[in-house]
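Notes for the one structure printed next.
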Amino acid sequence: MIPKYDEIYYDFLEVLSDGKVHTLKEIREKIAGKWKLSEEERIARIPSGTQYVFDSRVGWARTYLKKAGFIESPSRAIFIISPRGRNALKENPHGFGNSYLEQFSEFREFFKPETESLDPSKPTAVSNNEGESPEEKMDQAYGLIFEGLVEEVLTEVTKMTPDAFEYLVVNLLLSMGYGGSLSENGLVTEKSGDEGIDGIIKEDKLGFDQIYIQAKKWAKDGSVSRPEIQKFVGALLGQGASKGLYITTAKFSKQAIEYATKQLSTKIVLIDGDKLARLMIENNLGVSVTNTYVIRRLDSDFFNES
């Protein structure tokens with residue numbers, strides 16, 4: 001199990017207890033060895049994929065210990081224990097967490113923007129954390145917001161008329177870079193003679209190939225069965241088409257997915273309601289940006305330049 005950042009405070013100081021300077025890499029390796037982390041645990045990434053979970057937690061343990069005055073950094077990425085850090089090891093032979101760090105004014109000042117009061121009877125951002133790094137917490141918050149938006153988008157899409165849904169599908173593909181414009185490279189077929197094809201879009205702006213679309217607005221908890229996909233494949237053969245996209249607000253049955261993947265002469269791509277909503281969000285279709293947060297990281301190469 002990967003330890004939380006506040007679970008490795010003691011381990012971090014213990015590595016430095018020999019009085020020598022150590023690099024952050026050395027400290028990480030020794031802590032990983034003490035916790036007997038597997039290779040899978042060492043390379044596990046936070047949800048956004050930008051950092052390793054363990055490395056991020058060691059990094060934040062370093063930050064908090066430094067803010068509390070437990071460690072010092074003679075030069076970049078080099079650390080040594082301070083007298084206060086030695087005292088912390090003596091006073092807490094079984095380890096310690098943020099509550100111990102909060103008794104030091106330097107650490108409290110570091111969190112001052114996040115808390116309105118240091119009254120121990122009131123909850124604070126520090127004492128209520130679960131040992132996860134700020135990046136992990138932000139990733140989790142983003143994930144909750146994103147998943148909630150997926151559900152909202154899909155709910156609204158299911159309220160659309162079938163005609164409006166077909167136009168939505170073509171517009172989504174255009175926004176993803178297929179074709180050039182609705183008038184030039186994407187069209188929704190006429191109902192009287194569509195032969196099971198709801199839309200056609202050019203695969204590229206020059207129109208070298210075409211993708212035939214079947215769009216079905218069904219209930220979110222519905223299921224598209226294998227016979228439906230078989231009929232779509234038949235429609236594609238009737239058009240002499242080699243590429244088809246079946247997109248729905250429902251789900252696909254296991255048999256439908258297996259049948260689509262087994263097609264050799266015709267490439268079939270299936271997009272269910274969940275995937276549809278995610279593609280809409282990723283391509284800013286039916287959603288708008290309310291807030292943007294820019295997370296910056298120290299540029300080590302800049303400070304290494306002579």
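Naming scheme: A, B, ... for chains in displayed order of the structure tokens; residues 1 onward per chain; ligands 1 onward as shown.
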>> What's around Phe165 (chain A) at 12 Å? Count only C-alpha atoms, leave out sequence neighbours fewer than 5 positions away in its own chain, and write the answer as a PyMOL selection string.
In response: chain A and resi 154+156-160+170-172+188+198-199+213-218+247-249+273+276
Write the selection just made, keeping N, CA and C atoms, as a short mmCIF file (atom, residue, chain, number, x, y, z; two decimals), in the first residue's frame?
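What landed in part.cif:
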```cif
data_model
loop_
_atom_site.label_atom_id
_atom_site.label_comp_id
_atom_site.auth_asym_id
_atom_site.auth_seq_id
_atom_site.Cartn_x
_atom_site.Cartn_y
_atom_site.Cartn_z
N LEU A 154 -25.53 13.83 -20.76
CA LEU A 154 -26.26 12.69 -21.33
C LEU A 154 -27.76 12.84 -21.08
N GLU A 156 -29.47 15.62 -20.85
CA GLU A 156 -30.00 16.62 -21.78
C GLU A 156 -30.07 16.09 -23.21
N VAL A 157 -29.09 15.29 -23.59
CA VAL A 157 -29.09 14.74 -24.95
C VAL A 157 -30.29 13.82 -25.16
N THR A 158 -30.65 13.06 -24.14
CA THR A 158 -31.79 12.15 -24.27
C THR A 158 -33.12 12.90 -24.40
N LYS A 159 -33.13 14.18 -24.09
CA LYS A 159 -34.33 15.00 -24.22
C LYS A 159 -34.49 15.57 -25.63
N MET A 160 -33.45 15.44 -26.45
CA MET A 160 -33.48 15.99 -27.80
C MET A 160 -34.41 15.17 -28.69
N VAL A 170 -23.43 14.59 -36.12
CA VAL A 170 -22.61 15.08 -37.22
C VAL A 170 -21.78 16.28 -36.77
N ASN A 171 -22.37 17.17 -35.98
CA ASN A 171 -21.63 18.34 -35.48
C ASN A 171 -20.49 17.92 -34.56
N LEU A 172 -20.70 16.86 -33.78
CA LEU A 172 -19.64 16.36 -32.91
C LEU A 172 -18.46 15.89 -33.74
N VAL A 188 -26.93 15.11 -42.90
CA VAL A 188 -27.88 14.18 -42.30
C VAL A 188 -28.81 13.74 -43.41
N ASP A 198 -28.16 7.34 -41.06
CA ASP A 198 -28.67 8.63 -40.57
C ASP A 198 -27.80 9.80 -40.97
N GLY A 199 -26.54 9.57 -41.24
CA GLY A 199 -25.66 10.67 -41.60
C GLY A 199 -24.43 10.18 -42.32
N ILE A 213 -23.07 6.97 -40.75
CA ILE A 213 -23.45 7.07 -39.34
C ILE A 213 -24.86 6.53 -39.10
N GLN A 214 -25.01 5.81 -38.03
CA GLN A 214 -26.32 5.43 -37.51
C GLN A 214 -26.43 6.05 -36.13
N ALA A 215 -27.43 6.87 -35.88
CA ALA A 215 -27.60 7.57 -34.60
C ALA A 215 -28.94 7.17 -33.99
N LYS A 216 -28.89 6.58 -32.82
CA LYS A 216 -30.10 6.13 -32.14
C LYS A 216 -30.23 6.76 -30.76
N LYS A 217 -31.27 7.55 -30.58
CA LYS A 217 -31.53 8.18 -29.28
C LYS A 217 -32.50 7.28 -28.51
N TRP A 218 -31.93 6.48 -27.65
CA TRP A 218 -32.72 5.57 -26.83
C TRP A 218 -32.58 5.97 -25.36
N ILE A 247 -23.74 5.24 -33.10
CA ILE A 247 -23.66 6.05 -31.88
C ILE A 247 -25.04 6.14 -31.25
N THR A 248 -25.10 5.94 -29.95
CA THR A 248 -26.38 5.90 -29.26
C THR A 248 -26.28 6.50 -27.87
N THR A 249 -27.41 6.87 -27.31
CA THR A 249 -27.46 7.35 -25.93
C THR A 249 -27.58 6.19 -24.95
N GLY A 273 -23.73 5.98 -24.82
CA GLY A 273 -24.11 7.27 -24.25
C GLY A 273 -23.03 7.89 -23.39
N LEU A 276 -20.29 9.17 -25.63
CA LEU A 276 -20.80 10.32 -26.37
C LEU A 276 -20.70 11.58 -25.52
#
```
>> If DSSP is run on the backbone, what residues of region 36-281 of chain A are helix (DSSP H, G or I)? A reply as a PyMOL selection string would be ideal.
In response: chain A and resi 39-42+53-67+83-91+98-101+105-110+112-114+134-157+162-175+182-185+191-193+226-239+254-261+273-281
Write the residues of the selection above to a file with C-alpha atoms, as an mmCIF file, in the first residue's frame.
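So the final result, stored in result-v1.cif, reads:
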```cif
data_model
loop_
_atom_site.group_PDB
_atom_site.id
_atom_site.type_symbol
_atom_site.label_atom_id
_atom_site.label_comp_id
_atom_site.auth_asym_id
_atom_site.auth_seq_id
_atom_site.Cartn_x
_atom_site.Cartn_y
_atom_site.Cartn_z
ATOM 1 C CA GLU A 39 7.074 -1.914 -8.858
ATOM 2 C CA GLU A 40 3.386 -1.415 -9.658
ATOM 3 C CA GLU A 41 2.985 0.831 -6.610
ATOM 4 C CA ARG A 42 6.090 2.818 -7.514
ATOM 5 C CA VAL A 53 1.593 8.957 -6.619
ATOM 6 C CA PHE A 54 4.484 7.963 -4.356
ATOM 7 C CA ASP A 55 6.881 10.593 -5.694
ATOM 8 C CA SER A 56 4.207 13.269 -5.280
ATOM 9 C CA ARG A 57 3.580 12.282 -1.662
ATOM 10 C CA VAL A 58 7.280 12.251 -0.801
ATOM 11 C CA GLY A 59 7.551 15.667 -2.401
ATOM 12 C CA TRP A 60 4.783 17.097 -0.272
ATOM 13 C CA ALA A 61 6.172 15.467 2.876
ATOM 14 C CA ARG A 62 9.411 17.308 2.118
ATOM 15 C CA THR A 63 7.544 20.592 1.617
ATOM 16 C CA TYR A 64 5.617 20.342 4.886
ATOM 17 C CA LEU A 65 8.624 19.243 6.917
ATOM 18 C CA LYS A 66 10.621 22.126 5.510
ATOM 19 C CA LYS A 67 7.836 24.615 6.247
ATOM 20 C CA PRO A 83 17.660 20.346 15.484
ATOM 21 C CA ARG A 84 13.878 20.670 15.533
ATOM 22 C CA GLY A 85 13.624 17.623 13.294
ATOM 23 C CA ARG A 86 15.857 15.600 15.631
ATOM 24 C CA ASN A 87 13.669 16.584 18.531
ATOM 25 C CA ALA A 88 10.578 15.465 16.586
ATOM 26 C CA LEU A 89 12.081 11.993 16.165
ATOM 27 C CA LYS A 90 12.783 11.758 19.916
ATOM 28 C CA GLU A 91 9.335 12.958 20.930
ATOM 29 C CA ASN A 98 0.001 17.187 10.717
ATOM 30 C CA SER A 99 -1.384 17.812 14.201
ATOM 31 C CA TYR A 100 2.189 17.738 15.529
ATOM 32 C CA LEU A 101 3.407 20.128 12.834
ATOM 33 C CA SER A 105 4.098 28.974 13.782
ATOM 34 C CA GLU A 106 5.982 28.614 10.492
ATOM 35 C CA PHE A 107 3.788 25.696 9.494
ATOM 36 C CA ARG A 108 0.595 27.438 10.583
ATOM 37 C CA GLU A 109 1.559 30.523 8.614
ATOM 38 C CA PHE A 110 2.038 28.351 5.530
ATOM 39 C CA LYS A 112 -2.979 30.647 6.833
ATOM 40 C CA PRO A 113 -4.694 31.391 3.470
ATOM 41 C CA GLU A 114 -6.561 28.108 3.721
ATOM 42 C CA PRO A 134 -2.799 18.610 -3.173
ATOM 43 C CA GLU A 135 -2.453 17.364 -6.754
ATOM 44 C CA GLU A 136 -4.342 14.188 -5.843
ATOM 45 C CA LYS A 137 -7.071 16.168 -4.103
ATOM 46 C CA MET A 138 -7.423 18.483 -7.097
ATOM 47 C CA ASP A 139 -7.528 15.523 -9.477
ATOM 48 C CA GLN A 140 -10.235 13.883 -7.380
ATOM 49 C CA ALA A 141 -12.278 17.082 -7.235
ATOM 50 C CA TYR A 142 -11.930 17.498 -10.983
ATOM 51 C CA GLY A 143 -12.979 13.884 -11.470
ATOM 52 C CA LEU A 144 -16.130 14.368 -9.400
ATOM 53 C CA ILE A 145 -17.058 17.501 -11.338
ATOM 54 C CA PHE A 146 -16.356 15.816 -14.681
ATOM 55 C CA GLU A 147 -18.376 12.692 -13.882
ATOM 56 C CA GLY A 148 -21.284 14.830 -12.717
ATOM 57 C CA LEU A 149 -21.141 16.803 -15.959
ATOM 58 C CA VAL A 150 -21.117 13.583 -18.010
ATOM 59 C CA GLU A 151 -24.400 12.577 -16.396
ATOM 60 C CA GLU A 152 -25.912 16.034 -16.938
ATOM 61 C CA VAL A 153 -24.895 16.172 -20.600
ATOM 62 C CA LEU A 154 -26.258 12.695 -21.333
ATOM 63 C CA THR A 155 -29.538 13.535 -19.599
ATOM 64 C CA GLU A 156 -29.995 16.624 -21.782
ATOM 65 C CA VAL A 157 -29.086 14.736 -24.947
ATOM 66 C CA PRO A 162 -34.355 12.259 -32.975
ATOM 67 C CA ASP A 163 -33.676 14.767 -35.764
ATOM 68 C CA ALA A 164 -31.805 17.126 -33.455
ATOM 69 C CA PHE A 165 -29.797 14.193 -32.110
ATOM 70 C CA GLU A 166 -28.689 13.217 -35.615
ATOM 71 C CA TYR A 167 -27.478 16.754 -36.298
ATOM 72 C CA LEU A 168 -25.688 16.711 -32.929
ATOM 73 C CA VAL A 169 -23.773 13.581 -33.920
ATOM 74 C CA VAL A 170 -22.612 15.083 -37.223
ATOM 75 C CA ASN A 171 -21.630 18.338 -35.485
ATOM 76 C CA LEU A 172 -19.641 16.362 -32.912
ATOM 77 C CA LEU A 173 -17.644 14.638 -35.636
ATOM 78 C CA LEU A 174 -17.016 17.967 -37.345
ATOM 79 C CA SER A 175 -15.761 19.415 -34.065
ATOM 80 C CA LEU A 182 -21.804 20.827 -42.058
ATOM 81 C CA SER A 183 -22.705 22.283 -45.451
ATOM 82 C CA GLU A 184 -19.636 20.936 -47.243
ATOM 83 C CA ASN A 185 -18.517 17.713 -45.626
ATOM 84 C CA LYS A 191 -35.730 10.039 -43.828
ATOM 85 C CA SER A 192 -37.464 8.806 -46.984
ATOM 86 C CA GLY A 193 -34.453 6.984 -48.355
ATOM 87 C CA ARG A 226 -26.582 -7.610 -31.952
ATOM 88 C CA PRO A 227 -29.445 -7.648 -34.512
ATOM 89 C CA GLU A 228 -29.360 -3.842 -34.606
ATOM 90 C CA ILE A 229 -25.667 -3.885 -35.472
ATOM 91 C CA GLN A 230 -26.258 -6.597 -38.074
ATOM 92 C CA LYS A 231 -28.860 -4.395 -39.785
ATOM 93 C CA PHE A 232 -26.404 -1.494 -39.760
ATOM 94 C CA VAL A 233 -23.704 -3.646 -41.365
ATOM 95 C CA GLY A 234 -26.221 -4.655 -44.016
ATOM 96 C CA ALA A 235 -27.021 -0.989 -44.696
ATOM 97 C CA LEU A 236 -23.320 -0.243 -45.077
ATOM 98 C CA LEU A 237 -22.905 -3.075 -47.579
ATOM 99 C CA GLY A 238 -25.837 -1.686 -49.522
ATOM 100 C CA GLN A 239 -23.999 1.628 -49.770
ATOM 101 C CA LYS A 254 -21.860 -7.800 -25.083
ATOM 102 C CA GLN A 255 -22.999 -9.694 -28.189
ATOM 103 C CA ALA A 256 -23.309 -6.456 -30.178
ATOM 104 C CA ILE A 257 -19.764 -5.420 -29.248
ATOM 105 C CA GLU A 258 -18.362 -8.848 -30.136
ATOM 106 C CA TYR A 259 -20.130 -8.840 -33.508
ATOM 107 C CA ALA A 260 -18.810 -5.366 -34.394
ATOM 108 C CA THR A 261 -15.220 -6.278 -33.550
ATOM 109 C CA GLY A 273 -24.106 7.269 -24.251
ATOM 110 C CA ASP A 274 -21.322 7.608 -21.708
ATOM 111 C CA LYS A 275 -18.632 7.893 -24.394
ATOM 112 C CA LEU A 276 -20.796 10.323 -26.369
ATOM 113 C CA ALA A 277 -21.122 12.669 -23.388
ATOM 114 C CA ARG A 278 -17.384 12.524 -22.733
ATOM 115 C CA LEU A 279 -16.564 13.322 -26.354
ATOM 116 C CA MET A 280 -18.946 16.279 -26.255
ATOM 117 C CA ILE A 281 -17.245 17.643 -23.139
#
```
> Counting only C-alpha atoms, which of A:Thr50, A:Phe70, A:Glu282, A:Ile8 gets nearest to Ile295 (chain A)?
Replying inline: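 Of all the options, A:Thr50 lies closest to Ile295 (chain A).
With CA of Ser75 (chain A) on one side and CA of Lys20 (chain A) on the other, the separation reads 13.4 Å.
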Name the residues in contact with Ser223 (chain A) at a cut-off of 6 Å, using only C-alpha atoms, excluding same-chain residues fewer than 5 positions from it; report them as a PDB file with all heavy atoms, in the first residue's frame.
```pdb
ATOM      1  N   ALA A 250     -27.791   4.989 -25.481  1.00  0.00           N
ATOM      2  CA  ALA A 250     -27.938   3.799 -24.638  1.00  0.00           C
ATOM      3  C   ALA A 250     -26.591   3.098 -24.486  1.00  0.00           C
ATOM      4  O   ALA A 250     -25.536   3.709 -24.634  1.00  0.00           O
ATOM      5  CB  ALA A 250     -28.981   2.868 -25.252  1.00  0.00           C
ATOM      6  N   LYS A 251     -26.644   1.819 -24.197  1.00  0.00           N
ATOM      7  CA  LYS A 251     -25.443   0.988 -24.080  1.00  0.00           C
ATOM      8  C   LYS A 251     -25.476  -0.071 -25.170  1.00  0.00           C
ATOM      9  O   LYS A 251     -26.488  -0.228 -25.859  1.00  0.00           O
ATOM     10  CB  LYS A 251     -25.386   0.320 -22.695  1.00  0.00           C
ATOM     11  CG  LYS A 251     -25.338   1.292 -21.527  1.00  0.00           C
ATOM     12  CD  LYS A 251     -25.339   0.532 -20.202  1.00  0.00           C
ATOM     13  CE  LYS A 251     -25.209   1.469 -19.008  1.00  0.00           C
ATOM     14  NZ  LYS A 251     -26.355   2.411 -18.897  1.00  0.00           N
ATOM     15  N   PHE A 252     -24.389  -0.812 -25.326  1.00  0.00           N
ATOM     16  CA  PHE A 252     -24.331  -1.908 -26.278  1.00  0.00           C
ATOM     17  C   PHE A 252     -24.247  -3.225 -25.515  1.00  0.00           C
ATOM     18  O   PHE A 252     -23.527  -3.328 -24.513  1.00  0.00           O
ATOM     19  CB  PHE A 252     -23.113  -1.777 -27.195  1.00  0.00           C
ATOM     20  CG  PHE A 252     -23.179  -0.615 -28.146  1.00  0.00           C
ATOM     21  CD1 PHE A 252     -22.519   0.566 -27.855  1.00  0.00           C
ATOM     22  CD2 PHE A 252     -23.929  -0.691 -29.313  1.00  0.00           C
ATOM     23  CE1 PHE A 252     -22.589   1.653 -28.708  1.00  0.00           C
ATOM     24  CE2 PHE A 252     -24.005   0.388 -30.184  1.00  0.00           C
ATOM     25  CZ  PHE A 252     -23.333   1.566 -29.885  1.00  0.00           C
ATOM     26  N   SER A 253     -24.960  -4.217 -26.005  1.00  0.00           N
ATOM     27  CA  SER A 253     -24.879  -5.524 -25.369  1.00  0.00           C
ATOM     28  C   SER A 253     -23.515  -6.146 -25.675  1.00  0.00           C
ATOM     29  O   SER A 253     -22.823  -5.749 -26.620  1.00  0.00           O
ATOM     30  CB  SER A 253     -25.986  -6.449 -25.898  1.00  0.00           C
ATOM     31  OG  SER A 253     -25.730  -6.786 -27.256  1.00  0.00           O
TER      32      SER A 253
END
```
> Can you list, as a VMD selection string, every protein, DNA or RNA residue that comes within 7 Å of region 26-33 of chain A when you count only C-alpha atoms, leaving out same-chain residues fewer than 5 positions away?
Replying inline: chain A and resid 11 to 12 15 58
